[in-house]
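**Student:** This is the content of data22.cif (mmCIF, C-alpha atoms):
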```
data_protein
#
loop_
_atom_site.label_atom_id
_atom_site.label_comp_id
_atom_site.auth_asym_id
_atom_site.auth_seq_id
_atom_site.Cartn_x
_atom_site.Cartn_y
_atom_site.Cartn_z
CA MET A 15 -4.60 -159.66 30.55
CA ARG A 16 -5.61 -162.45 32.92
CA VAL A 17 -5.29 -162.25 36.69
CA GLN A 18 -3.37 -164.86 38.64
CA LEU A 19 -4.64 -165.14 42.20
CA GLN A 20 -2.14 -164.13 44.84
CA THR A 21 -2.03 -165.36 48.43
CA PHE A 22 -1.91 -161.83 49.78
CA GLY A 23 -3.46 -158.42 49.23
CA TRP A 24 -6.99 -157.56 48.21
CA LEU A 25 -8.72 -159.28 45.34
CA LEU A 26 -11.59 -157.26 43.88
CA VAL A 27 -14.32 -159.15 42.11
CA ALA A 28 -17.36 -157.68 40.44
CA PHE A 29 -20.05 -160.21 40.99
CA GLY A 30 -21.91 -160.96 44.21
CA SER A 31 -22.82 -164.26 45.76
CA PHE A 32 -26.24 -165.57 46.61
CA VAL A 33 -26.20 -166.19 50.37
CA LYS A 34 -29.26 -166.73 52.55
CA SER A 35 -29.77 -163.50 54.47
CA GLU A 36 -29.19 -163.82 58.20
CA ALA A 37 -28.00 -160.25 58.74
CA ASN A 38 -29.73 -156.92 58.26
CA GLY A 39 -28.48 -154.07 56.18
CA THR A 40 -27.67 -153.44 52.54
CA ILE A 41 -24.65 -152.05 50.74
CA SER A 42 -25.69 -148.72 49.27
CA THR A 43 -22.58 -146.52 49.07
CA SER A 44 -19.61 -146.16 46.74
CA GLU A 45 -17.23 -146.83 49.65
CA PHE A 46 -16.27 -150.37 50.59
CA GLN A 47 -18.15 -151.77 53.60
CA ASN A 48 -17.56 -155.04 55.48
CA ILE A 49 -19.93 -157.85 54.53
CA LEU A 50 -21.46 -159.40 57.63
CA PRO A 51 -21.69 -163.19 58.03
CA GLY A 52 -24.72 -164.50 56.14
CA GLN A 53 -25.52 -161.10 54.59
CA HIS A 54 -27.14 -161.26 51.15
CA VAL A 55 -24.92 -159.68 48.51
CA PRO A 56 -26.68 -158.78 45.24
CA PRO A 57 -24.76 -159.72 42.10
CA GLU A 58 -24.44 -156.13 40.89
CA LEU A 59 -22.07 -155.09 43.68
CA HIS A 60 -18.29 -154.71 43.57
CA ILE A 61 -16.74 -157.16 46.03
CA ARG A 62 -13.20 -157.48 47.29
CA ILE A 63 -11.66 -160.14 49.47
CA ASP A 64 -8.63 -159.86 51.75
CA MET A 65 -6.63 -162.92 50.74
CA GLN A 66 -4.91 -163.01 54.15
CA THR A 67 -7.86 -162.63 56.52
CA GLY A 68 -10.77 -163.67 54.29
CA GLN A 69 -12.64 -160.44 55.10
CA ARG A 70 -15.08 -159.49 52.34
CA GLN A 71 -16.11 -155.94 51.51
CA ALA A 72 -18.56 -154.54 48.98
CA ARG A 73 -19.60 -151.27 47.39
CA LEU A 74 -21.83 -150.08 44.56
CA MET A 75 -20.44 -150.89 41.14
CA PRO A 76 -18.75 -147.95 39.39
CA ALA A 77 -20.99 -146.71 36.63
CA ASP A 78 -18.40 -147.20 33.88
CA SER A 79 -17.55 -150.82 34.71
CA TYR A 80 -20.64 -152.73 33.68
CA ASN A 81 -19.81 -153.32 30.05
CA GLN A 82 -16.22 -154.49 30.45
CA PRO A 83 -16.00 -158.09 29.25
CA GLY A 84 -13.92 -160.92 30.66
CA ILE A 85 -11.66 -160.79 33.67
CA GLU A 86 -9.10 -158.06 33.28
CA VAL A 87 -6.64 -156.21 35.46
CA VAL A 88 -8.06 -152.74 35.95
CA GLU A 89 -5.47 -151.51 38.41
CA ALA A 90 -2.36 -152.95 40.00
CA ASN A 91 -0.18 -150.71 42.15
CA VAL A 92 2.92 -151.80 43.95
CA ALA A 93 4.97 -149.21 45.82
CA ASN A 94 7.02 -149.26 48.98
CA ASN A 95 6.12 -152.90 49.67
CA GLU A 96 2.43 -152.05 49.61
CA GLN A 97 -0.08 -154.83 49.00
CA LYS A 98 -1.06 -155.62 45.43
CA VAL A 99 -4.59 -154.60 44.54
CA PHE A 100 -6.42 -156.20 41.63
CA ALA A 101 -9.74 -154.93 40.29
CA VAL A 102 -11.65 -157.48 38.27
CA ALA A 103 -14.30 -156.30 35.85
CA PRO A 104 -17.67 -158.08 35.68
CA GLN A 105 -18.49 -160.66 33.08
CA PRO A 106 -21.52 -159.93 30.94
CA ALA A 107 -24.77 -161.25 32.37
CA HIS A 108 -26.22 -164.37 30.77
CA LYS A 109 -29.74 -163.15 30.26
CA ASP A 110 -30.95 -166.51 28.98
CA GLN A 111 -29.43 -168.61 31.79
CA MET A 112 -32.43 -168.40 34.10
CA GLN A 113 -34.86 -168.83 31.22
CA GLU A 114 -33.12 -172.05 30.19
CA LEU A 115 -33.41 -173.37 33.73
CA VAL A 116 -37.07 -172.37 33.96
CA ASN A 117 -37.83 -173.99 30.61
CA LEU A 118 -36.46 -177.30 31.88
CA VAL A 119 -38.55 -177.02 35.05
CA LEU A 120 -41.68 -176.28 33.02
CA GLU A 121 -40.97 -179.15 30.67
CA THR A 122 -40.26 -181.77 33.33
CA GLY A 123 -42.96 -180.58 35.71
CA SER A 124 -45.71 -181.11 33.17
CA ARG A 125 -44.90 -184.65 32.05
CA MET A 126 -44.31 -188.13 33.41
CA VAL A 127 -41.15 -188.59 35.44
CA ASP A 128 -38.16 -189.50 33.30
CA ARG A 129 -35.34 -190.69 35.53
CA SER A 130 -32.87 -190.35 32.65
CA VAL A 131 -33.01 -186.55 33.08
CA ASP A 132 -33.10 -186.62 36.88
CA LYS A 133 -29.48 -185.58 37.26
CA ARG A 134 -29.80 -182.80 34.72
CA LEU A 135 -32.95 -181.54 36.43
CA GLU A 136 -31.28 -181.69 39.84
CA GLN A 137 -28.31 -179.66 38.60
CA SER A 138 -30.66 -177.07 37.09
CA LEU A 139 -32.63 -176.82 40.32
CA GLU A 140 -29.37 -176.31 42.24
CA GLU A 141 -28.57 -173.34 40.03
CA LEU A 142 -32.10 -172.00 40.26
CA LYS A 143 -32.01 -172.32 44.04
CA ASP A 144 -29.05 -169.92 44.18
CA ILE A 145 -30.58 -167.50 41.70
CA VAL A 146 -33.88 -167.02 43.55
CA TYR A 147 -32.13 -165.69 46.64
CA ASP A 148 -32.29 -162.47 44.62
CA PRO A 149 -35.82 -161.09 45.21
CA LYS A 150 -36.04 -159.76 41.65
CA GLN A 151 -35.25 -163.17 40.19
CA ALA A 152 -37.65 -164.81 42.65
CA GLU A 153 -40.41 -162.52 41.43
CA ARG A 154 -39.50 -163.25 37.83
CA LEU A 155 -39.75 -166.99 38.45
CA MET A 156 -43.02 -166.65 40.35
CA ASP A 157 -44.52 -164.61 37.49
CA THR A 158 -43.55 -167.21 34.90
CA PRO A 159 -46.83 -168.95 33.95
CA GLY A 160 -46.85 -172.51 35.24
CA ALA A 161 -43.56 -172.26 37.16
CA ILE A 162 -44.91 -172.66 40.69
CA SER A 163 -47.19 -175.53 39.59
CA ALA A 164 -44.25 -177.26 37.89
CA LEU A 165 -42.09 -176.98 41.01
CA LEU A 166 -44.87 -178.38 43.19
CA SER A 167 -45.36 -181.23 40.73
CA ILE A 168 -41.64 -182.03 40.79
CA GLY A 169 -41.66 -182.01 44.59
CA ASN A 170 -44.68 -184.31 44.84
CA PRO A 171 -43.66 -187.70 46.31
CA ALA A 172 -46.98 -189.20 45.20
CA HIS A 173 -46.32 -188.42 41.53
CA ARG A 174 -47.56 -191.36 39.44
CA PRO A 175 -46.39 -193.80 38.24
CA ILE A 176 -43.08 -192.82 39.87
CA SER A 177 -41.79 -189.69 41.57
CA TRP A 178 -38.60 -187.74 41.12
CA SER A 179 -35.67 -188.63 43.39
CA PRO A 180 -35.70 -187.34 47.01
CA SER A 181 -32.87 -184.88 46.30
CA THR A 182 -34.79 -183.43 43.34
CA ARG A 183 -38.03 -183.17 45.33
CA ARG A 184 -36.06 -181.54 48.11
CA LEU A 185 -34.68 -178.84 45.84
CA ALA A 186 -38.13 -178.04 44.46
CA SER A 187 -39.43 -177.26 47.96
CA ILE A 188 -36.31 -175.28 48.84
CA ILE A 189 -36.88 -173.07 45.79
CA VAL A 190 -40.55 -172.52 46.64
CA GLY A 191 -39.69 -171.64 50.25
CA THR A 192 -36.82 -169.36 49.25
CA MET A 193 -38.98 -167.47 46.76
CA VAL A 194 -41.74 -166.61 49.22
CA GLN A 195 -39.78 -166.23 52.45
CA ASN A 196 -40.38 -162.78 54.01
CA ASN A 197 -42.06 -161.61 50.79
CA PRO A 198 -45.81 -160.97 51.29
CA GLU A 199 -46.45 -160.33 47.60
CA LEU A 200 -44.93 -163.65 46.52
CA GLN A 201 -46.57 -165.44 49.45
CA SER A 202 -49.92 -164.21 48.09
CA LYS A 203 -49.13 -165.35 44.57
CA ALA A 204 -48.05 -168.79 45.73
CA GLN A 205 -51.12 -169.11 47.94
CA ARG A 206 -53.40 -168.24 45.03
CA ALA A 207 -51.56 -170.79 42.88
CA GLY A 208 -52.50 -173.60 45.28
CA ALA A 209 -49.18 -174.01 47.07
CA VAL A 210 -50.71 -174.53 50.54
CA PRO A 211 -52.75 -177.68 49.82
CA ALA A 212 -50.00 -179.02 47.55
CA LEU A 213 -47.35 -178.69 50.26
CA ILE A 214 -49.62 -180.25 52.90
CA HIS A 215 -50.12 -183.28 50.67
CA MET A 216 -46.40 -183.43 49.80
CA LEU A 217 -45.50 -183.51 53.48
CA ARG A 218 -48.18 -186.07 54.28
CA ASP A 219 -47.00 -188.43 51.51
CA GLU A 220 -43.24 -187.93 51.84
CA THR A 221 -41.13 -190.99 52.68
CA ASP A 222 -37.72 -189.31 52.99
CA ALA A 223 -37.14 -187.51 56.30
CA ARG A 224 -34.65 -184.98 54.94
CA THR A 225 -36.96 -184.06 52.06
CA ALA A 226 -39.95 -183.83 54.39
CA GLY A 227 -37.98 -181.23 56.37
CA LYS A 228 -37.76 -179.08 53.24
CA HIS A 229 -41.51 -179.36 52.69
CA VAL A 230 -41.90 -178.07 56.25
CA PHE A 231 -39.54 -175.20 55.41
CA ALA A 232 -41.62 -174.26 52.36
CA LEU A 233 -44.87 -174.41 54.37
CA SER A 234 -43.37 -172.28 57.11
CA ALA A 235 -42.07 -169.69 54.64
CA LEU A 236 -45.47 -169.56 52.95
CA THR A 237 -47.67 -169.24 56.05
CA ARG A 238 -45.54 -167.25 58.48
CA GLY A 239 -47.02 -163.79 58.89
CA HIS A 240 -49.44 -164.28 55.97
CA ALA A 241 -53.00 -164.40 57.25
CA LEU A 242 -54.65 -165.85 54.14
CA ALA A 243 -52.12 -168.64 53.69
CA LEU A 244 -52.26 -169.51 57.38
CA GLU A 245 -56.06 -169.49 57.39
CA GLN A 246 -56.09 -171.85 54.42
CA PHE A 247 -53.56 -174.10 56.13
CA VAL A 248 -55.73 -174.27 59.27
CA GLN A 249 -59.01 -174.76 57.36
CA LEU A 250 -57.46 -177.63 55.37
CA ASP A 251 -56.73 -179.43 58.65
CA GLY A 252 -53.03 -178.76 58.19
CA LEU A 253 -52.30 -178.64 61.91
CA ARG A 254 -53.68 -182.11 62.50
CA ILE A 255 -51.96 -183.55 59.44
CA VAL A 256 -48.55 -182.09 60.28
CA SER A 257 -48.75 -182.89 63.99
CA SER A 258 -49.69 -186.50 63.23
CA ILE A 259 -46.28 -187.02 61.64
CA ASN A 260 -44.13 -188.43 64.43
CA PRO A 261 -40.71 -189.29 62.98
CA LEU A 262 -39.71 -190.93 66.27
CA GLU A 263 -42.24 -193.72 65.85
CA SER A 264 -42.80 -193.73 62.10
CA THR A 265 -41.81 -196.80 60.13
CA VAL A 266 -41.73 -194.73 56.94
CA PHE A 267 -38.63 -192.64 57.61
CA ARG A 268 -35.15 -194.14 57.71
CA GLY A 269 -32.14 -192.69 59.46
CA GLU A 270 -32.31 -191.70 63.10
CA ASN A 271 -30.41 -188.45 62.63
CA GLU A 272 -32.63 -187.10 59.83
CA SER A 273 -35.77 -188.26 61.65
CA ALA A 274 -34.65 -186.32 64.73
CA LYS A 275 -34.09 -183.20 62.64
CA LEU A 276 -37.50 -183.55 61.04
CA ASP A 277 -39.11 -183.93 64.44
CA MET A 278 -37.63 -180.62 65.60
CA ARG A 279 -38.61 -178.86 62.37
CA ILE A 280 -42.21 -179.96 62.84
CA VAL A 281 -42.25 -178.87 66.48
CA ARG A 282 -40.82 -175.45 65.62
CA PHE A 283 -43.12 -174.98 62.64
CA ILE A 284 -46.21 -175.68 64.76
CA GLU A 285 -44.80 -173.38 67.42
CA ASP A 286 -44.63 -170.58 64.83
CA VAL A 287 -48.17 -171.26 63.66
CA LEU A 288 -49.46 -171.11 67.24
CA ASN A 289 -47.46 -168.00 68.13
CA PRO A 290 -49.84 -164.99 68.02
CA GLU A 291 -46.90 -162.62 67.57
CA PHE A 292 -46.14 -164.11 64.16
CA ASN A 293 -49.76 -164.21 63.01
CA PRO A 294 -51.65 -161.30 64.56
CA ARG A 295 -54.21 -160.92 61.75
CA ILE A 296 -55.57 -164.46 61.66
CA PRO A 297 -59.40 -164.47 61.25
CA SER A 298 -61.42 -165.33 64.34
CA THR A 299 -62.68 -168.67 63.00
CA SER A 300 -59.17 -169.95 62.40
CA ALA A 301 -57.96 -168.38 65.64
CA SER A 302 -60.54 -170.45 67.52
CA MET A 303 -59.39 -173.63 65.77
CA ILE A 304 -55.76 -172.80 66.60
CA SER A 305 -56.64 -172.25 70.24
CA GLN A 306 -58.41 -175.63 70.40
CA PHE A 307 -55.45 -177.32 68.74
CA ALA A 308 -53.07 -175.71 71.25
CA SER A 309 -54.65 -177.80 73.98
CA VAL A 310 -54.16 -180.99 71.97
CA TRP A 311 -50.59 -180.10 71.09
CA CYS A 312 -49.73 -179.40 74.74
CA THR A 313 -50.85 -182.91 75.62
CA THR A 314 -48.97 -184.38 72.66
CA LEU A 315 -45.68 -182.69 73.53
CA SER A 316 -45.84 -183.62 77.20
CA SER A 317 -46.78 -187.20 76.31
CA ARG A 318 -43.84 -187.57 73.92
CA LEU A 319 -41.45 -186.22 76.53
CA THR A 320 -42.58 -188.61 79.23
CA SER A 321 -43.17 -191.77 77.20
CA SER A 322 -40.39 -191.65 74.59
CA LEU A 323 -37.39 -190.60 76.63
CA GLU A 324 -34.88 -192.83 74.91
CA ASP A 325 -36.02 -191.74 71.47
CA VAL A 326 -36.05 -188.08 72.40
CA ASP A 327 -32.63 -188.40 74.03
CA SER A 328 -30.89 -190.34 71.27
CA ALA A 329 -27.60 -188.88 70.09
CA GLN A 330 -24.71 -189.76 67.84
CA SER A 331 -22.09 -189.00 70.46
CA GLU A 332 -21.29 -190.66 73.78
CA ARG A 333 -22.63 -187.70 75.74
CA PRO A 334 -26.40 -187.22 75.34
CA THR A 335 -27.61 -183.99 73.82
CA TYR A 336 -30.86 -182.33 74.78
CA GLU A 337 -31.58 -180.21 71.72
CA ARG A 338 -34.88 -181.89 70.96
CA ARG A 339 -36.01 -181.92 74.57
CA LEU A 340 -35.30 -178.20 74.64
CA ALA A 341 -37.43 -177.70 71.54
CA TYR A 342 -40.30 -179.53 73.25
CA LEU A 343 -39.96 -177.59 76.50
CA HIS A 344 -39.69 -174.21 74.77
CA SER A 345 -42.81 -174.94 72.75
CA LEU A 346 -44.71 -175.97 75.87
CA GLU A 347 -43.60 -172.82 77.65
CA LEU A 348 -44.76 -170.61 74.77
CA LEU A 349 -48.09 -172.40 74.55
CA GLN A 350 -48.73 -171.96 78.26
CA GLN A 351 -48.04 -168.23 77.94
CA ALA A 352 -50.17 -167.72 74.82
CA TYR A 353 -52.99 -170.19 75.63
CA SER A 354 -53.10 -170.29 79.39
CA ASP A 355 -56.79 -171.25 79.38
CA THR A 356 -56.36 -174.30 77.14
CA CYS A 357 -52.76 -175.43 77.55
CA LYS A 358 -52.74 -177.39 80.78
CA VAL A 359 -50.25 -180.05 81.82
CA SER A 360 -51.15 -182.98 84.04
CA SER A 361 -49.91 -183.57 87.56
CA GLY A 362 -48.09 -186.59 86.19
CA PHE A 363 -46.11 -184.37 83.86
CA LYS A 364 -45.21 -182.06 86.74
CA ASP A 365 -43.90 -185.10 88.60
CA TRP A 366 -41.86 -186.03 85.55
CA ILE A 367 -40.31 -182.57 85.46
CA HIS A 368 -39.35 -182.95 89.13
CA ASN A 369 -37.80 -186.38 88.54
CA GLU A 370 -36.05 -185.21 85.38
CA LEU A 371 -34.45 -182.35 87.30
CA ALA A 372 -33.02 -184.86 89.74
CA ARG A 373 -31.89 -187.16 86.94
CA VAL A 374 -29.92 -184.52 85.06
CA LYS A 375 -28.68 -182.68 88.13
CA HIS A 376 -25.06 -183.35 87.25
CA VAL A 377 -25.44 -183.16 83.48
CA SER A 378 -23.28 -180.44 81.95
CA ASP A 379 -26.09 -178.91 79.89
CA ASP A 380 -26.98 -175.66 81.60
CA GLU A 381 -29.58 -174.65 79.04
CA TYR A 382 -31.58 -177.84 79.46
CA ASN A 383 -31.31 -177.66 83.25
CA GLN A 384 -32.49 -174.05 83.22
CA ALA A 385 -35.41 -174.87 80.91
CA LEU A 386 -36.52 -177.59 83.34
CA VAL A 387 -36.19 -175.23 86.31
CA ASN A 388 -38.18 -172.48 84.55
CA PHE A 389 -40.95 -174.87 83.56
CA TYR A 390 -41.11 -176.41 87.02
CA GLU A 391 -41.27 -173.04 88.79
CA SER A 392 -44.04 -171.79 86.50
CA ASN A 393 -46.18 -174.89 87.06
CA VAL A 394 -45.74 -175.65 90.75
#
```
Once more with this new file: its structure as structure tokens, please.

**Tutor:**
Amino acid sequence: MRVQLQTFGWLLVAFGSFVKSEANGTISTSEFQNILPGQHVPPELHIRIDMQTGQRQARLMPADSYNQPGIEVVEANVANNEQKVFAVAPQPAHKDQMQELVNLVLETGSRMVDRSVDKRLEQSLEELKDIVYDPKQAERLMDTPGAISALLSIGNPAHRPISWSPSTRRLASIIVGTMVQNNPELQSKAQRAGAVPALIHMLRDETDARTAGKHVFALSALTRGHALALEQFVQLDGLRIVSSINPLESTVFRGENESAKLDMRIVRFIEDVLNPEFNPRIPSTSASMISQFASVWCTTLSSRLTSSLEDVDSAQSERPTYERRLAYLHSLELLQQAYSDTCKVSSGFKDWIHNELARVKHVSDDEYNQALVNFYESNV
């Protein structure tokens, strides 16, 4: 018997959704629990949705429900005007689905670019992107011989004679970053497979701002909190290469909005690399190089703020936004705290801060005003 969706009551479904985890906690009981916004829900859980409020709840799947095929009504009780409750049994897992996707990645990643299959490859990567939010599937993909190399090849903008489309390259980096994010074991495997130098070169050669942002995401996911990957990134001159990419002045990237987003991603990525709290086990040689770079980056950030005001301040709306200026100021503040001996700002920059405070005195952006005040008070 098939279920027709109602506009009221609880709908129970027996397959999870792959959602990037932004909330802590897992569902581990047989009683329904509320699913928090952004919480990762493994596909083996029993999920129900309140069709009136949209609230989702989940519990462990009943042991006797896994082999029920199709979508069937398990229970439907109506009494005394109570809400209807539908329980929907899980569909059988398609064991070969991921393997089919991986086979296409392996095939296309090891040959010359064929634009006739670009759309098919992009669709497969979209599906694979959702699948690898599951750590078990991410590990399975990482352990597939040649998979990580194929993804890096697909994401390479310098692929000869032609490269895959920007959207396809973008998805390849998203998958790599998603696989290794917050997973030390997979970070190690990707690092040993040569992902660090490959991603540095991909970012250096990228001509699409939005796609470059995803290369930054993959690099960040790979190096954050992983001493060996970060050391390799530093030793390969990654800091200089990444910091030399200035989307505000580059003639390579098109689209002001995407260039602005890329600029902030680069600033925040370098901030993470330079933050000792994120990388406490970095070897002393690399730590010395990072400390020296911090001085250069301080000068770079302050110079961009003072000499590229219109670019930094550009916005799509009539009222200026200060999101990127905030990113610059927050990075400078962190660098001064972590590298007080090397991160020095000039007297000219202090004067700029003073003048900027006067300029935005009546601007209704309290966060930006407060950031200026904090920076001024700590440097005067």

**Student:** So, counting only C-alpha atoms, which residue among A:Lys364, A:Arg373, A:Arg282, A:Arg254 is closest to A:Leu349?

**Tutor:**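 Among the listed residues, the smallest separation from A:Leu349 belongs to A:Arg282.
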
**Student:** Can you pull out every residue within 12 Å of stretch 111-115 of chain A, counting all atoms listed in the file, but drop anything in the same chain fewer than 6 positions away, and send it as a list in words?

**Tutor:**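 Selected residues are Glu121, Thr122, Arg134, Leu135, Glu136, Gln137, Ser138, Leu139, Glu140, Glu141, Leu142, Lys143, Asp144, Ile145, Val146, Gln151, Ala152, Arg154, Leu155, Thr158, Ala161 and Leu165 of chain A.
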
**Student:** Mind pulling up the distance from atom CA of A:Val116 to atom CA of A:Asn197?

**Tutor:**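 These two atoms are separated by 20.6 Å.
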
**Student:** Skip A:Asn383 itself and residues of its chain fewer than 4 positions away, then list as number ranges by chain all residues within 8 Å of it, counting only C-alpha atoms.

**Tutor:** A: 371, 374-375, 379, 387

**Student:** Could you jot down the atom CA of A:Arg174 to atom CA of A:Ala207 separation for me, Å, one decimal place?

**Tutor:**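 Between atom CA of A:Arg174 and atom CA of A:Ala207 the gap is 21.2 Å.
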
**Student:** To test the calculation: enclose all listed atoms of stretch 309-315 of chain A in a box whose edges run along x, y and z, add 4 Å on each side, then state centre and edge lengths in Å to one decimal, as AutoDock Vina command-line options.

**Tutor:**
```
--center_x -50.2 --center_y -181.1 --center_z 73.4 --size_x 17.0 --size_y 14.6 --size_z 12.5
```

**Student:** Could you list, as a PyMOL selection string, every residue within 8 Å of A:Leu233, counting all atoms listed in the file and ignoring same-chain residues fewer than 3 positions away?

**Tutor:** chain A and resi 191+210+213-214+229-230+236-237

**Student:** Which one is closest to A:Ile280: A:Ser234, A:Asn393, A:Thr320, A:Asn196? Count only C-alpha atoms.

**Tutor:**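 Using only C-alpha atoms, A:Ile280 sits closest to A:Ser234.
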
**Student:** Output as a tab-separated table (two decimals), in the frame of the given file: stretch 227-234 of chain A, completed with all heavy atoms.

**Tutor:**
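Once everything was written out, this is selection02.tsv:
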```
chain	number	residue	atom	x	y	z
A	227	GLY	N	-38.40	-182.45	55.67
A	227	GLY	CA	-37.98	-181.23	56.37
A	227	GLY	C	-38.01	-180.01	55.47
A	227	GLY	O	-38.31	-178.90	55.92
A	228	LYS	N	-37.72	-180.20	54.18
A	228	LYS	CA	-37.76	-179.08	53.24
A	228	LYS	C	-39.19	-178.71	52.88
A	228	LYS	O	-39.49	-177.54	52.62
A	228	LYS	CB	-36.96	-179.41	51.98
A	228	LYS	CG	-35.50	-179.73	52.26
A	228	LYS	CD	-34.84	-178.67	53.15
A	228	LYS	CE	-33.41	-179.05	53.50
A	228	LYS	NZ	-32.79	-178.12	54.47
A	229	HIS	N	-40.09	-179.69	52.87
A	229	HIS	CA	-41.51	-179.36	52.69
A	229	HIS	C	-42.00	-178.52	53.87
A	229	HIS	O	-42.79	-177.58	53.69
A	229	HIS	CB	-42.35	-180.64	52.58
A	229	HIS	CG	-41.98	-181.55	51.45
A	229	HIS	ND1	-41.39	-181.10	50.29
A	229	HIS	CD2	-42.13	-182.90	51.31
A	229	HIS	CE1	-41.19	-182.12	49.47
A	229	HIS	NE2	-41.63	-183.23	50.07
A	230	VAL	N	-41.54	-178.87	55.07
A	230	VAL	CA	-41.90	-178.07	56.25
A	230	VAL	C	-41.37	-176.65	56.11
A	230	VAL	O	-42.06	-175.67	56.42
A	230	VAL	CB	-41.34	-178.72	57.54
A	230	VAL	CG1	-41.58	-177.81	58.75
A	230	VAL	CG2	-41.99	-180.08	57.78
A	231	PHE	N	-40.12	-176.53	55.64
A	231	PHE	CA	-39.54	-175.20	55.41
A	231	PHE	C	-40.40	-174.38	54.46
A	231	PHE	O	-40.69	-173.20	54.71
A	231	PHE	CB	-38.12	-175.34	54.87
A	231	PHE	CG	-37.61	-174.10	54.16
A	231	PHE	CD1	-37.34	-172.94	54.87
A	231	PHE	CD2	-37.42	-174.11	52.78
A	231	PHE	CE1	-36.89	-171.79	54.21
A	231	PHE	CE2	-36.96	-172.97	52.13
A	231	PHE	CZ	-36.70	-171.82	52.84
A	232	ALA	N	-40.81	-174.98	53.34
A	232	ALA	CA	-41.62	-174.26	52.36
A	232	ALA	C	-42.97	-173.85	52.95
A	232	ALA	O	-43.44	-172.72	52.74
A	232	ALA	CB	-41.83	-175.12	51.12
A	233	LEU	N	-43.60	-174.74	53.71
A	233	LEU	CA	-44.87	-174.41	54.37
A	233	LEU	C	-44.71	-173.27	55.36
A	233	LEU	O	-45.53	-172.36	55.43
A	233	LEU	CB	-45.42	-175.64	55.09
A	233	LEU	CG	-46.50	-176.47	54.38
A	233	LEU	CD1	-46.85	-177.68	55.22
A	233	LEU	CD2	-47.74	-175.63	54.09
A	234	SER	N	-43.63	-173.33	56.12
A	234	SER	CA	-43.37	-172.28	57.11
A	234	SER	C	-43.15	-170.93	56.43
A	234	SER	O	-43.69	-169.91	56.85
A	234	SER	CB	-42.14	-172.65	57.95
A	234	SER	OG	-41.82	-171.63	58.87
```
